Each structure stands twice: as structure tokens, then as C-alpha cells.
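Structure file final-v4.cif (mmCIF, C-alpha atoms) follows.
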data_entry
#
loop_
_atom_site.label_atom_id
_atom_site.label_comp_id
_atom_site.auth_asym_id
_atom_site.auth_seq_id
_atom_site.Cartn_x
_atom_site.Cartn_y
_atom_site.Cartn_z
CA MET A 1 187.54 17.22 13.12
CA LYS A 2 190.34 15.42 14.95
CA ARG A 3 189.43 14.49 18.51
CA GLU A 4 192.08 14.72 21.20
CA ILE A 5 192.30 13.91 24.92
CA THR A 6 194.78 16.08 26.77
CA GLY A 7 195.26 18.19 29.86
CA SER A 8 193.82 17.28 33.23
CA TRP A 9 192.63 13.90 31.93
CA VAL A 10 196.15 12.63 31.66
CA LYS A 11 197.49 12.17 35.21
CA TRP A 12 197.74 8.90 37.15
CA GLY A 13 194.38 7.19 36.63
CA TYR A 14 192.50 9.35 39.12
CA TRP A 15 190.04 10.32 36.41
CA LEU A 16 188.70 6.76 36.23
CA ASN A 17 188.15 6.49 39.98
CA GLU A 18 186.52 9.93 40.09
CA ILE A 19 184.14 9.23 37.22
CA ILE A 20 183.12 5.86 38.69
CA THR A 21 182.45 7.52 42.06
CA HIS A 22 180.47 10.31 40.41
CA LYS A 23 178.37 7.93 38.30
CA ALA A 24 177.80 5.53 41.20
CA ALA A 25 176.55 8.38 43.39
CA TRP A 26 173.96 9.17 40.71
CA ASN A 27 173.11 5.59 39.75
CA PRO A 28 174.70 2.75 41.78
CA TYR A 29 172.77 0.10 39.80
CA ILE A 30 171.11 -1.29 42.92
CA GLU A 31 169.07 -3.60 40.71
CA LYS A 32 172.19 -5.62 39.94
CA SER A 33 172.62 -8.74 42.05
CA THR A 34 176.34 -8.26 42.82
CA ASN A 35 178.85 -5.44 43.17
CA THR A 36 180.79 -6.96 40.27
CA GLU A 37 177.78 -6.66 37.96
CA ALA A 38 177.15 -3.08 39.10
CA LEU A 39 180.77 -2.14 38.45
CA HIS A 40 180.62 -3.72 34.99
CA ALA A 41 177.52 -1.65 34.16
CA LEU A 42 179.25 1.53 35.37
CA LEU A 43 182.31 0.84 33.24
CA GLN A 44 180.10 0.25 30.21
CA ASP A 45 178.53 3.67 30.82
CA ILE A 46 181.89 5.39 31.24
CA LEU A 47 184.15 3.85 28.60
CA PRO A 48 182.36 3.79 25.21
CA VAL A 49 185.00 6.34 24.18
CA PHE A 50 187.18 3.34 23.33
CA GLY A 51 184.81 2.34 20.52
CA LYS A 52 185.07 -1.26 19.32
CA ALA A 53 187.82 -1.89 21.89
CA THR A 54 185.58 -0.96 24.85
CA GLY A 55 184.83 -4.57 25.77
CA LYS A 56 188.51 -5.51 25.87
CA VAL A 57 189.44 -2.38 27.84
CA ILE A 58 186.75 -3.13 30.43
CA GLU A 59 187.94 -6.74 30.67
CA VAL A 60 191.49 -5.67 31.52
CA ILE A 61 190.37 -2.98 33.99
CA GLU A 62 188.14 -5.47 35.79
CA GLU A 63 191.03 -7.92 35.98
CA ILE A 64 193.20 -5.21 37.54
CA ILE A 65 190.51 -4.33 40.08
CA SER A 66 190.07 -7.98 41.03
CA ALA A 67 193.81 -8.62 41.33
CA GLU A 68 194.39 -5.55 43.48
CA GLN A 69 191.48 -6.41 45.75
CA LYS A 70 192.72 -9.97 46.29
CA LEU A 71 196.42 -9.17 46.68
CA LEU A 72 196.53 -5.70 48.23
CA ILE A 73 193.52 -5.93 50.54
CA TYR A 74 193.01 -9.60 51.37
CA GLY A 75 196.46 -11.04 50.71
CA GLU A 76 195.04 -13.92 48.68
CA VAL A 77 197.66 -15.88 46.74
CA THR A 78 196.74 -18.20 43.87
CA GLY A 79 196.72 -21.85 44.93
CA GLN A 80 196.88 -21.09 48.64
CA LYS A 81 194.26 -20.83 51.36
CA LYS A 82 193.16 -17.35 52.36
CA PRO A 83 195.28 -16.06 55.24
CA SER A 84 193.50 -16.59 58.55
CA GLU A 85 194.86 -13.23 59.71
CA ILE A 86 195.11 -10.33 57.22
CA SER A 87 197.42 -8.30 59.48
CA LYS A 88 200.95 -8.45 57.99
CA ARG A 89 199.61 -10.70 55.22
CA ASN A 90 198.14 -8.20 52.73
CA GLY A 91 200.01 -6.58 49.88
CA ILE A 92 199.32 -2.90 50.52
CA ALA A 93 201.29 -3.09 53.78
CA TYR A 94 204.42 -3.81 51.70
CA LEU A 95 203.87 -1.54 48.69
CA GLU A 96 202.79 1.63 50.48
CA GLY A 97 205.30 4.20 51.63
CA TRP A 98 206.46 4.32 55.24
CA ASP A 99 207.98 7.40 56.85
CA THR A 100 209.73 7.81 60.21
CA TRP A 101 206.56 8.60 62.16
CA SER A 102 204.72 5.62 60.71
CA GLU A 103 207.52 3.31 61.79
CA ILE A 104 207.76 4.85 65.27
CA GLY A 105 204.04 4.38 65.73
CA GLU A 106 204.28 0.76 64.60
CA VAL A 107 207.19 -0.04 66.93
CA SER A 108 205.57 1.68 69.91
CA GLY A 109 202.29 -0.11 69.37
CA LYS A 110 200.52 3.08 70.41
CA MET A 111 199.77 4.81 67.11
CA GLN A 112 199.47 2.46 64.18
CA THR A 113 198.33 4.50 61.19
CA GLN A 114 199.06 1.96 58.44
CA PRO A 115 198.55 -1.77 57.87
CA ALA A 116 201.16 -3.79 59.78
CA LYS A 117 203.85 -5.70 57.91
CA VAL A 118 206.70 -8.11 58.52
CA THR A 119 209.66 -5.75 58.72
CA PHE A 120 213.12 -6.09 57.22
CA LEU A 121 214.53 -6.38 60.75
CA THR A 122 212.25 -9.33 61.45
CA VAL A 123 213.34 -11.00 58.23
CA LYS A 124 217.04 -10.38 58.93
CA ASN A 125 216.83 -11.83 62.46
CA PRO A 126 217.69 -15.57 62.32
CA PHE A 127 215.29 -16.24 65.20
CA THR A 128 212.28 -14.66 63.46
CA ARG A 129 213.24 -15.15 59.81
CA SER A 130 210.89 -18.10 59.30
CA VAL A 131 207.87 -15.76 59.09
CA TYR A 132 209.22 -14.57 55.73
CA LYS A 133 208.01 -17.86 54.22
CA GLU A 134 204.45 -16.71 54.85
CA VAL A 135 204.75 -13.45 52.90
CA ALA A 136 207.26 -14.45 50.20
CA PRO A 137 204.56 -16.00 47.92
CA LEU A 138 202.49 -12.81 48.22
CA LEU A 139 205.44 -10.60 47.29
CA GLN A 140 206.25 -12.79 44.29
CA GLU A 141 202.66 -12.95 43.05
CA MET A 142 202.32 -9.17 43.23
CA GLU A 143 205.44 -8.80 41.10
CA ASP A 144 204.27 -11.37 38.55
CA LYS A 145 200.63 -10.31 38.39
CA PHE A 146 201.15 -6.57 38.20
CA THR A 147 203.87 -6.98 35.55
CA MET A 148 201.51 -9.13 33.49
CA LEU A 149 198.69 -6.58 33.84
CA THR A 150 201.04 -3.82 32.68
CA GLU A 151 201.67 -5.84 29.53
CA LYS A 152 197.93 -6.35 29.01
CA LEU A 153 197.39 -2.59 29.10
CA ARG A 154 200.29 -2.10 26.70
CA ASP A 155 198.67 -4.60 24.32
CA LEU A 156 195.53 -2.43 24.17
CA ILE A 157 197.35 0.51 22.58
CA PRO A 158 197.22 -0.79 18.97
CA ILE A 159 193.48 -1.59 19.12
CA VAL A 160 191.97 1.55 20.72
CA PRO A 161 191.03 4.70 18.75
CA GLU A 162 194.04 6.93 18.21
CA TYR A 163 192.63 9.82 20.25
CA THR A 164 192.26 7.54 23.32
CA ILE A 165 195.85 6.29 23.29
CA PRO A 166 196.92 8.88 25.93
CA LEU A 167 194.40 7.35 28.36
CA ILE A 168 195.67 3.81 27.86
CA GLU A 169 199.28 4.95 28.04
CA GLU A 170 198.52 6.66 31.33
CA LEU A 171 196.84 3.55 32.78
CA ARG A 172 199.77 1.47 31.55
CA ASP A 173 202.28 3.76 33.25
CA THR A 174 200.23 3.78 36.45
CA MET A 175 200.07 -0.02 36.52
CA ASN A 176 203.76 -0.21 35.69
CA MET A 177 204.60 1.97 38.71
CA THR A 178 202.77 -0.54 40.93
CA ALA A 179 204.57 -3.43 39.25
CA LEU A 180 207.97 -1.77 39.67
CA ARG A 181 207.25 -1.12 43.34
CA ALA A 182 206.39 -4.81 43.76
CA ILE A 183 209.63 -5.80 42.00
CA GLN A 184 211.68 -3.47 44.20
CA VAL A 185 210.14 -4.63 47.48
CA ASN A 186 210.29 -8.31 46.56
CA ALA A 187 213.99 -8.04 45.70
CA LEU A 188 214.81 -6.26 48.98
CA TYR A 189 213.01 -8.88 51.06
CA LYS A 190 214.86 -11.66 49.25
CA PHE A 191 218.12 -9.95 50.11
CA ALA A 192 217.14 -9.32 53.74
CA ALA A 193 216.12 -12.98 54.14
CA SER A 194 219.56 -14.24 53.06
CA ALA A 195 220.74 -16.53 55.84
CA SER A 196 224.48 -15.82 55.62
CA LEU A 197 227.06 -13.30 54.46
CA PHE A 198 227.95 -15.62 51.59
CA ALA A 199 224.32 -15.77 50.53
CA LYS A 200 224.02 -11.99 50.70
CA ARG A 201 227.01 -11.59 48.39
CA LYS A 202 225.43 -14.07 46.03
CA LEU A 203 222.16 -12.15 46.17
CA MET A 204 223.64 -8.73 45.44
CA SER A 205 221.82 -9.07 42.14
CA ALA A 206 218.62 -8.57 44.16
CA VAL A 207 219.89 -5.14 45.19
CA ASP A 208 220.66 -4.38 41.54
CA ILE A 209 217.11 -5.39 40.61
CA SER A 210 215.75 -3.04 43.28
CA VAL A 211 217.84 -0.10 42.07
CA ASP A 212 216.89 -0.80 38.45
CA ALA A 213 213.20 -0.73 39.40
CA ILE A 214 213.66 2.65 41.10
CA ASN A 215 215.45 4.07 38.05
CA LYS A 216 212.73 2.83 35.69
CA ALA A 217 210.04 4.32 37.92
CA GLN A 218 211.84 7.68 37.90
CA GLU A 219 211.87 7.64 34.11
CA ILE A 220 208.11 7.08 34.05
CA VAL A 221 207.49 9.89 36.53
CA THR A 222 209.66 12.30 34.53
CA GLN A 223 207.83 11.49 31.30
CA ARG A 224 204.38 11.73 32.88
CA GLU A 225 205.14 15.06 34.53
CA GLN A 226 205.52 16.53 31.05
CA LYS A 227 201.83 15.81 30.47
CA TYR A 228 200.56 17.67 33.54
CA ARG A 229 198.48 20.73 32.77
CA VAL A 230 199.84 22.66 35.75
CA PRO A 231 203.44 23.16 36.93
CA VAL A 232 204.78 20.11 38.75
CA GLU A 233 205.96 22.30 41.64
CA ARG A 234 202.39 23.39 42.30
CA ILE A 235 201.03 19.89 42.92
CA ALA A 236 204.13 17.97 43.99
CA GLY A 237 206.44 20.53 45.63
CA TRP A 238 207.34 20.86 49.32
CA ARG A 239 204.71 23.47 50.02
CA LYS A 240 201.08 23.77 51.00
CA LYS A 241 198.87 22.62 48.16
CA PRO A 242 195.25 21.54 47.57
CA ASN A 243 195.73 17.91 48.62
CA SER A 244 197.59 18.81 51.84
CA LEU A 245 195.19 21.39 53.27
#

Represent the structure of the file as C-alpha cells.
Amino acid sequence: MKREITGSWVKWGYWLNEIITHKAAWNPYIEKSTNTEALHALLQDILPVFGKATGKVIEVIEEIISAEQKLLIYGEVTGQKKPSEISKRNGIAYLEGWDTWSEIGEVSGKMQTQPAKVTFLTVKNPFTRSVYKEVAPLLQEMEDKFTMLTEKLRDLIPIVPEYTIPLIEELRDTMNMTALRAIQVNALYKFAASASLFAKRKLMSAVDISVDAINKAQEIVTQREQKYRVPVERIAGWRKKPNSL
């Protein structure tokens, strides 16, 4: 009998987080000496579906978790000291979405709902532009690291069992979305930090890179929506839905 993984499994990687949370609530492996060892044991419990490739799949997933923790949460850049102040120095502040109310709250200083970041206006201002040097290495490392991790997930596809390919493709697309966001943001900050009109004209390629990243991300979203088990409008439309109640 041919085995197949379809339907609600194939979304944006939420299944992995949910299964880890479920398993950890039942058995958090408190006998392990570190959180890293406990996580490894959980992944071994969860991912034997990948057969002989399980070890390699776990290795890549653990590398992703470690990279995202260091870059997105702590702002740690390879070869540099840890930032003495995480505020405005961690990656999630730059990759997450910001809407009007988030920005108003940040500017007012009264209602900060998201991690603070060095803004484009700060980077464009010649009197405050120098602070960009502190976050530029972080932006570049996120682009490089997340792109590399996308490739590592892509390299798993030929070695996993055929019926698990949809899971790896989904994790690849999810990682790629993060990489493309890092590429887009990094390019826009490079453009904003241009010191002169001449430099901005020279760096118009950065704007092109940003637009290209957006277009590639849209292609991924369109393809992945075809694999949803429910209508896209039900879970992503401008209406009340389960995750907005």
C-alpha cells in the first residue's frame, strides 16, 4: 500500500511545533542535562517517519533552531561579541511585520507591542546613520544563514522516503520565506543607508533585489495555498476566523 502525507499536515511548519509541544507536555525528558539534549530526544521520537534519513533531517532542523535562536532572539553574529543590549539588536525586530499602530506606539513610547528596531528614518538621517553599522552585520548574516539553511532542506529531498517529500518541501518553502524576508529587509536598509543621491542611484539594484524577493515569496505562497485542505479565504481572508477570535 502506498503511503501518502497530505491535507492538514502540509501548511507552514506549524505541525512540527505543535507535535513538539504536545510531546513535551507529556514527556519533557527532564532527565536530560540540557534543553538541547531534551529537544534532540523529542525530535527522535517525532521524526522516524523519515526512515534512514531521520538523523540528517534532525541535524538540519536543530541547526535551524539554533540559528534562529541566536539571530532572531539574541542578535548574535558570528565572530562578534554578543550585543550588550538586545533592544534594536535582534533579528526578529527587523523581519516581523509592522503596521501603522505598531509604529505609532513605538514613536510615542507609550505602547510598544513589538521589539524595537533601528528605523529606516534613523538610517536615512545623516546625524544618526552611524547606528546602522551596528545592525548591518546582523542583517547580512540573517540573509546568508537562512539562504544556506533553505538549501540544506532542499538537499534532503532526494534522500528522504518518497511519501515524506511533501513535509520536507513544506519546511523548505517555510525557511525560504524567512530567507527572502531577510534578503528584502537587508537590501532596503542598504539603500536607506546610502549617504548621497549619487550613491542611492548606484544602489537602485538594492531596490530591485527587494522587489525580486517579494515576487519570489508571492510565488511560494501561491503554490503552497494549493495544498491547503480548506479554502484560502476561510483562513486568510479579511474576516473573522479561528485565529482572530

Identify the residues within 12 Å of coordinate (185.5, 0.4, 27.3) (same frame as the file), considering only C-alpha atoms, and give the answer as number ranges by chain.
A: 16, 40-62, 156, 159-161, 164, 167-168

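Residues matched by the PyMOL selection byres ((chain A and resi 132) around 9) in this structure: Val118, Thr122, Val123, Thr128, Arg129, Ser130, Val131, Lys133, Glu134, Val135, Ala136, Tyr189 and Ala193 of chain A.
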
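With the shown file loaded, the PyMOL selection byres ((chain A and resi 146-149) around 10) picks out Val60, Ile61, Glu63, Ile64, Ala67, Glu68, Glu141, Met142, Glu143, Asp144, Lys145, Thr150, Glu151, Lys152, Leu153, Arg154, Asp155, Arg172, Met175, Asn176, Met177, Thr178, Ala179, Leu180, Arg181, Ala182 and Ile183 of chain A.
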
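A straight line drawn from atom CA of A:Lys240 to atom CA of A:Lys227 is 22.0 Å long.
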
Per-residue nearest contacts of stretch 105-169 of chain A to stretch 85-99 of chain A (6 Å; all atoms listed in the file) as a Markdown table:
| residue | atom | partner | partner_atom | distance |
| --- | --- | --- | --- | --- |
| A:Pro115 | CA | A:Ala93 | CA | 5.1 |
| A:Ala116 | CA | A:Lys88 | CA | 5.0 |
| A:Lys117 | CA | A:Lys88 | CA | 4.0 |
| A:Val118 | CA | A:Lys88 | CA | 5.8 |

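Distance-wise, atom CA of A:Arg234 and atom CA of A:Glu169 end up 23.5 Å apart.
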
Would you mind putting N, CA and C atoms back on stretch 208-239 of chain A and writing the result as a compact mmCIF listing (two decimals), in the frame of the given file?
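Okay, this is what ended up in selection.txt:
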# COMPACT_ATOMS: atom_id res chain seq x y z
N ASP A 208 220.61 -4.98 42.88
CA ASP A 208 220.66 -4.38 41.54
C ASP A 208 219.27 -4.31 40.93
N ILE A 209 218.48 -5.36 41.13
CA ILE A 209 217.11 -5.39 40.61
C ILE A 209 216.29 -4.27 41.25
N SER A 210 216.47 -4.09 42.56
CA SER A 210 215.75 -3.04 43.28
C SER A 210 216.11 -1.66 42.75
N VAL A 211 217.38 -1.40 42.57
CA VAL A 211 217.84 -0.10 42.07
C VAL A 211 217.34 0.13 40.65
N ASP A 212 217.37 -0.91 39.83
CA ASP A 212 216.89 -0.80 38.45
C ASP A 212 215.41 -0.44 38.43
N ALA A 213 214.63 -1.03 39.33
CA ALA A 213 213.20 -0.73 39.40
C ALA A 213 212.98 0.74 39.77
N ILE A 214 213.76 1.24 40.71
CA ILE A 214 213.66 2.65 41.10
C ILE A 214 213.98 3.57 39.92
N ASN A 215 215.04 3.25 39.20
CA ASN A 215 215.45 4.07 38.05
C ASN A 215 214.38 4.07 36.96
N LYS A 216 213.78 2.91 36.70
CA LYS A 216 212.73 2.83 35.69
C LYS A 216 211.50 3.62 36.12
N ALA A 217 211.18 3.56 37.41
CA ALA A 217 210.04 4.32 37.92
C ALA A 217 210.28 5.82 37.78
N GLN A 218 211.52 6.25 38.04
CA GLN A 218 211.84 7.68 37.90
C GLN A 218 211.67 8.14 36.46
N GLU A 219 212.04 7.30 35.52
CA GLU A 219 211.87 7.64 34.11
C GLU A 219 210.40 7.84 33.77
N ILE A 220 209.55 6.97 34.30
CA ILE A 220 208.11 7.08 34.05
C ILE A 220 207.57 8.37 34.64
N VAL A 221 207.96 8.67 35.87
CA VAL A 221 207.49 9.89 36.53
C VAL A 221 207.91 11.12 35.72
N THR A 222 209.15 11.16 35.29
CA THR A 222 209.66 12.30 34.53
C THR A 222 208.87 12.49 33.24
N GLN A 223 208.59 11.40 32.55
CA GLN A 223 207.83 11.49 31.30
C GLN A 223 206.39 11.92 31.55
N ARG A 224 205.79 11.40 32.61
CA ARG A 224 204.38 11.73 32.88
C ARG A 224 204.22 13.16 33.36
N GLU A 225 205.21 13.67 34.06
CA GLU A 225 205.14 15.06 34.53
C GLU A 225 205.03 16.04 33.36
N GLN A 226 205.58 15.65 32.21
CA GLN A 226 205.52 16.53 31.05
C GLN A 226 204.09 16.69 30.53
N LYS A 227 203.20 15.79 30.95
CA LYS A 227 201.83 15.81 30.47
C LYS A 227 200.88 16.49 31.45
N TYR A 228 201.40 16.94 32.59
CA TYR A 228 200.56 17.67 33.54
C TYR A 228 200.15 19.01 32.94
N ARG A 229 198.96 19.47 33.32
CA ARG A 229 198.48 20.73 32.77
C ARG A 229 198.86 21.91 33.66
N VAL A 230 199.38 21.62 34.83
CA VAL A 230 199.84 22.66 35.75
C VAL A 230 201.30 22.39 36.09
N PRO A 231 202.04 23.38 36.57
CA PRO A 231 203.44 23.16 36.93
C PRO A 231 203.57 22.06 37.99
N VAL A 232 204.56 21.21 37.82
CA VAL A 232 204.78 20.11 38.75
C VAL A 232 204.97 20.63 40.17
N GLU A 233 205.68 21.75 40.31
CA GLU A 233 205.96 22.30 41.64
C GLU A 233 204.68 22.66 42.39
N ARG A 234 203.63 22.99 41.66
CA ARG A 234 202.39 23.39 42.30
C ARG A 234 201.69 22.21 42.98
N ILE A 235 201.77 21.03 42.38
CA ILE A 235 201.03 19.89 42.92
C ILE A 235 201.93 18.86 43.58
N ALA A 236 203.25 18.98 43.42
CA ALA A 236 204.13 17.97 43.99
C ALA A 236 205.32 18.58 44.72
N GLY A 237 205.32 19.89 44.95
CA GLY A 237 206.44 20.53 45.63
C GLY A 237 206.28 20.47 47.14
N TRP A 238 207.35 20.83 47.85
CA TRP A 238 207.34 20.86 49.32
C TRP A 238 206.73 22.18 49.78
N ARG A 239 205.43 22.27 49.65
CA ARG A 239 204.71 23.47 50.02
C ARG A 239 203.25 23.09 50.26
